[in-house]
Amino acid sequence: MPLRSEPSHLAFVTQHPGHVLITGLLVIYAVFRQKLTTPGVIVAIATALVHMLHPSSLPLSMLISFFGVGMIGTRVSRERKATLTMSAAGGSGGEGPRNASQVLANSGAASAVLLLHFFAPQVLAARTALTGVAANYAAAGADTLSSELGILSSSPPFLITQPWKRVPKGTNGGVTLAGLAAGLIGAATAATLMMGLHADVGWTYLASLTALGLAGSVLDSLLGALCQATVEDKESGRVIEGPNGRRVLLSQGGSRVQRGRDLLNNNGVNFAMTLTIAVVGMLIMPSR
């Protein structure tokens with residue numbers, strides 16, 4: 001698919017009406033199914049508009065695909081996953097409606113790449129921008145499936161910085177082989193989409209993008225182990241999850257124990273990971 005150097009919203013809407021329609025339907029679905037908070041909906045719409053700045057349909061296709069992959073991963077054994085962790089309010093764990101911070105954590109790096117290309121195409125070429133976007137979503141998809149499906153593993157996770165140490169399910173930095181396999185599928189999904197929309201992309205590019213996406217999932221675990229605190233309930237030993245990826249509050253002498261450094265919350269870890277992988281991808285990925 002040839003790439004033009006002057007992107008425009010009007011050109012995208014007229015040439016890719018199906019993508020615009022699907023985006024609108026997904027937003028409506030997210031609103032009625034309470035998948036996103038009101039600020040989350042606003043940021044998601046703004047993100048979709050930014051993803052239309054590139055003449056290629058790939059950025060918006062990646063965003064739509066990531067939303068679909070995340071939705072499927074969340075729905076798999078939802079009831080069982082809710083019993084494996086606790087919410088900060090004391091009930092079962094599990095995801096609530098996603099807010100603006102969570103949307104930006106997974107797509108903010110891709111949006112930044114697209115804005116840089118739009119306003120300074122002499123600094124960031126169209127093809128390079130596509131690579132950054134693809135790397136962002138390969139990593140985000142890998143991390144999402146690794147988290148959502150890895151927690152269902154029959155084996156307890158091991159801490160990525162101390163592989164000999166077993167930790168409770170939901171621990172930041174906890175890894176399972178099943179989770180890594182799921183992450184590989186998430187990364188390969190984004191890579192396959194890139195190859196499907198741009199026929200000039202070769203198998204070396206496909207393999208490199210898949211490997212980079214999986215590396216993003218591993219980096220997320222490393223950042224989680226080194227920079228993100230995990231809070232456990234003393235009585236049950238289950239991990240406590242903060243709402244919308246935020247920190248879990250502690251009280252002196254309370255029923256919760258904190259492990260690890262409290263430098264970043266979950267959204268901060270996700271954004272740092274996707275931004276790193278997007279930049280690395282643009283620097284080292286083959287052009288074809």
# chains A, B, ... in the order shown; residues from 1 in each chain; ligands from 1

$ residues_around --residues "range 126-137 of chain A" --least-positions-apart "6" --cutoff "9 Å" --atoms "only C-alpha atoms" --output "PyMOL selection string"
chain A and resi 3-5+54-56+58-59+62-63+65-66+106-107+109-111+113-114+116-118+186-187+190-191+193-194+209-210+212-213+216+273-283+285+287

$ write_last_selection --atoms "C-alpha atoms" --output "PDB file, in the first residue's frame"
ATOM      1  CA  LEU A   3       2.030   5.906   1.674  1.00  0.00           C
ATOM      2  CA  ARG A   4       1.401   9.588   1.083  1.00  0.00           C
ATOM      3  CA  SER A   5       3.276  12.303   2.888  1.00  0.00           C
ATOM      4  CA  HIS A  54      -1.913   8.951   9.106  1.00  0.00           C
ATOM      5  CA  PRO A  55      -3.109   8.147   5.563  1.00  0.00           C
ATOM      6  CA  SER A  56      -2.695   4.445   6.241  1.00  0.00           C
ATOM      7  CA  LEU A  58      -3.075   0.706  10.047  1.00  0.00           C
ATOM      8  CA  PRO A  59      -3.057   2.959  13.161  1.00  0.00           C
ATOM      9  CA  MET A  62      -4.340  -1.446  15.422  1.00  0.00           C
ATOM     10  CA  LEU A  63      -6.381   0.548  17.947  1.00  0.00           C
ATOM     11  CA  SER A  65      -7.757  -4.694  17.166  1.00  0.00           C
ATOM     12  CA  PHE A  66      -6.220  -3.910  20.561  1.00  0.00           C
ATOM     13  CA  ASN A 106      -1.893   1.755  26.300  1.00  0.00           C
ATOM     14  CA  SER A 107      -2.304   4.103  23.319  1.00  0.00           C
ATOM     15  CA  ALA A 109       2.763   6.452  22.937  1.00  0.00           C
ATOM     16  CA  ALA A 110       1.208   5.585  19.563  1.00  0.00           C
ATOM     17  CA  SER A 111      -0.705   8.875  19.578  1.00  0.00           C
ATOM     18  CA  VAL A 113       4.269   9.119  17.428  1.00  0.00           C
ATOM     19  CA  LEU A 114       1.422   9.986  15.061  1.00  0.00           C
ATOM     20  CA  LEU A 116       5.024  13.985  15.766  1.00  0.00           C
ATOM     21  CA  HIS A 117       4.779  12.640  12.222  1.00  0.00           C
ATOM     22  CA  PHE A 118       1.782  14.893  11.447  1.00  0.00           C
ATOM     23  CA  GLY A 186      -0.985 -10.957  21.356  1.00  0.00           C
ATOM     24  CA  ALA A 187       2.220  -9.711  19.728  1.00  0.00           C
ATOM     25  CA  ALA A 190      -0.520  -7.080  15.799  1.00  0.00           C
ATOM     26  CA  ALA A 191       2.348  -8.209  13.556  1.00  0.00           C
ATOM     27  CA  LEU A 193      -2.313  -7.188  11.009  1.00  0.00           C
ATOM     28  CA  MET A 194       0.649  -5.063   9.930  1.00  0.00           C
ATOM     29  CA  LEU A 209       7.712  -7.105  15.474  1.00  0.00           C
ATOM     30  CA  THR A 210       6.396 -10.220  17.224  1.00  0.00           C
ATOM     31  CA  LEU A 212       9.543  -6.886  20.121  1.00  0.00           C
ATOM     32  CA  GLY A 213       5.948  -7.151  21.312  1.00  0.00           C
ATOM     33  CA  GLY A 216       7.394  -5.428  25.808  1.00  0.00           C
ATOM     34  CA  MET A 273       6.700   0.159  28.587  1.00  0.00           C
ATOM     35  CA  THR A 274       4.756   1.036  25.413  1.00  0.00           C
ATOM     36  CA  LEU A 275       6.733   4.254  24.909  1.00  0.00           C
ATOM     37  CA  THR A 276      10.037   2.404  25.280  1.00  0.00           C
ATOM     38  CA  ILE A 277       9.035  -0.341  22.848  1.00  0.00           C
ATOM     39  CA  ALA A 278       7.689   2.175  20.301  1.00  0.00           C
ATOM     40  CA  VAL A 279      10.963   4.128  20.352  1.00  0.00           C
ATOM     41  CA  VAL A 280      13.113   0.990  20.231  1.00  0.00           C
ATOM     42  CA  GLY A 281      11.033  -0.333  17.349  1.00  0.00           C
ATOM     43  CA  MET A 282      11.527   2.830  15.301  1.00  0.00           C
ATOM     44  CA  LEU A 283      15.284   2.661  15.939  1.00  0.00           C
ATOM     45  CA  MET A 285      13.222  -2.496  13.177  1.00  0.00           C
ATOM     46  CA  SER A 287      12.377  -0.974   7.031  1.00  0.00           C
TER      47      SER A 287
END

$ select_by_dssp --residues "range 56-270 of chain A" --states "strand (DSSP E or B)" --output "ChimeraX atom specification"
/A:86-87,92,98,158-159,162-166,174-175,230-233,239-241,256-259

$ atom_distance --atom1 "CA of Thr74 in chain A" --atom2 "CA of Thr144 in chain A"
8.7 Å

$ atom_distance --atom1 "CA of Leu145 in chain A" --atom2 "CA of Gly73 in chain A"
5.8 Å

$ residues_around --residues "Gln162 in chain A" --least-positions-apart "4" --cutoff "10 Å" --atoms "only C-alpha atoms" --output "list in words"
Phe158, Arg166, Gly173, Gly174 and Ala225 of chain A

$ atom_distance --atom1 "CA of Thr85 in chain A" --atom2 "CA of Gln228 in chain A"
16.7 Å

$ select_by_dssp --residues "range 44-212 of chain A" --states "helix (DSSP H, G or I)" --output "number ranges by chain"
A: 44-51, 58-75, 78-82, 100-119, 126-150, 177-197, 203-212

$ closest_residue --among "A:Pro156, A:Gly70, A:Gly224, A:Gly108" --to "Ala182 in chain A" --atoms "only C-alpha atoms"
A:Gly70

$ residues_around --residues "range 241-250 of chain A" --least-positions-apart "4" --cutoff "6 Å" --atoms "only C-alpha atoms" --output "CSV table (one decimal) with C-alpha atoms, in the first residue's frame"
chain,number,residue,atom,x,y,z
A,87,SER,CA,-10.5,-5.2,45.0
A,88,ALA,CA,-9.3,-2.2,47.1
A,265,ASN,CA,1.3,2.7,39.5
A,266,ASN,CA,0.0,0.3,36.9
A,267,ASN,CA,-0.8,2.9,34.3

$ residues_around --residues "Leu222 in chain A" --least-positions-apart "4" --cutoff "7 Å" --atoms "only C-alpha atoms" --output "PyMOL selection string"
chain A and resi 160-161+173+218+226

$ write_last_selection --atoms "C-alpha atoms" --output "compact mmCIF listing (two decimals), in the first residue's frame"
# COMPACT_ATOMS: atom_id res chain seq x y z
CA ILE A 160 10.78 -12.22 36.99
CA THR A 161 13.69 -10.73 38.96
CA GLY A 173 6.37 -8.77 38.15
CA VAL A 218 8.64 -8.96 29.66
CA LEU A 226 11.23 -3.05 40.24

$ closest_residue --among "A:Leu197, A:Leu263, A:Thr176, A:Ala105" --to "Pro163 in chain A" --atoms "only C-alpha atoms"
A:Thr176

$ residues_around --residues "range 41-51 of chain A" --least-positions-apart "2" --cutoff "9 Å" --atoms "only C-alpha atoms" --output "MDAnalysis selection string"
chainID A and resid 9 20 23:24 27 30:31 35:39 53:54 57:61 63:64 98:101 103:104 107:108 110:112 114:115

$ write_last_selection --atoms "C-alpha atoms" --output "PDB file, in the first residue's frame"
ATOM      1  CA  HIS A   9      -8.819  13.559   8.320  1.00  0.00           C
ATOM      2  CA  VAL A  20     -14.804   5.013  11.032  1.00  0.00           C
ATOM      3  CA  THR A  23     -14.905   2.932  15.689  1.00  0.00           C
ATOM      4  CA  GLY A  24     -18.258   4.609  16.241  1.00  0.00           C
ATOM      5  CA  VAL A  27     -17.611   3.692  21.289  1.00  0.00           C
ATOM      6  CA  ALA A  30     -18.295   0.868  25.381  1.00  0.00           C
ATOM      7  CA  VAL A  31     -20.789   3.448  26.631  1.00  0.00           C
ATOM      8  CA  LYS A  35     -16.514  -0.486  29.425  1.00  0.00           C
ATOM      9  CA  LEU A  36     -15.243   3.098  29.718  1.00  0.00           C
ATOM     10  CA  THR A  37     -15.868   5.954  32.111  1.00  0.00           C
ATOM     11  CA  THR A  38     -17.103   9.258  30.638  1.00  0.00           C
ATOM     12  CA  PRO A  39     -13.568  10.764  30.597  1.00  0.00           C
ATOM     13  CA  LEU A  53      -3.969  11.528  10.992  1.00  0.00           C
ATOM     14  CA  HIS A  54      -1.913   8.951   9.106  1.00  0.00           C
ATOM     15  CA  SER A  57      -5.574   2.593   7.874  1.00  0.00           C
ATOM     16  CA  LEU A  58      -3.075   0.706  10.047  1.00  0.00           C
ATOM     17  CA  PRO A  59      -3.057   2.959  13.161  1.00  0.00           C
ATOM     18  CA  LEU A  60      -6.831   2.913  13.581  1.00  0.00           C
ATOM     19  CA  SER A  61      -6.945  -0.788  12.704  1.00  0.00           C
ATOM     20  CA  LEU A  63      -6.381   0.548  17.947  1.00  0.00           C
ATOM     21  CA  ILE A  64      -9.568  -1.350  17.079  1.00  0.00           C
ATOM     22  CA  ARG A  98     -11.531   1.853  32.132  1.00  0.00           C
ATOM     23  CA  ASN A  99     -10.748   5.516  32.661  1.00  0.00           C
ATOM     24  CA  ALA A 100      -8.816   8.082  30.642  1.00  0.00           C
ATOM     25  CA  SER A 101      -5.484   7.203  32.263  1.00  0.00           C
ATOM     26  CA  VAL A 103      -6.639   4.513  27.651  1.00  0.00           C
ATOM     27  CA  LEU A 104      -3.563   6.761  27.487  1.00  0.00           C
ATOM     28  CA  SER A 107      -2.304   4.103  23.319  1.00  0.00           C
ATOM     29  CA  GLY A 108      -0.632   7.352  24.392  1.00  0.00           C
ATOM     30  CA  ALA A 110       1.208   5.585  19.563  1.00  0.00           C
ATOM     31  CA  SER A 111      -0.705   8.875  19.578  1.00  0.00           C
ATOM     32  CA  ALA A 112       2.499  10.802  20.363  1.00  0.00           C
ATOM     33  CA  LEU A 114       1.422   9.986  15.061  1.00  0.00           C
ATOM     34  CA  LEU A 115       1.277  13.610  16.233  1.00  0.00           C
TER      35      LEU A 115
END

$ closest_residue --among "A:Leu84, A:Ala138, A:Val167, A:Leu152" --to "Thr192 in chain A" --atoms "only C-alpha atoms"
A:Ala138
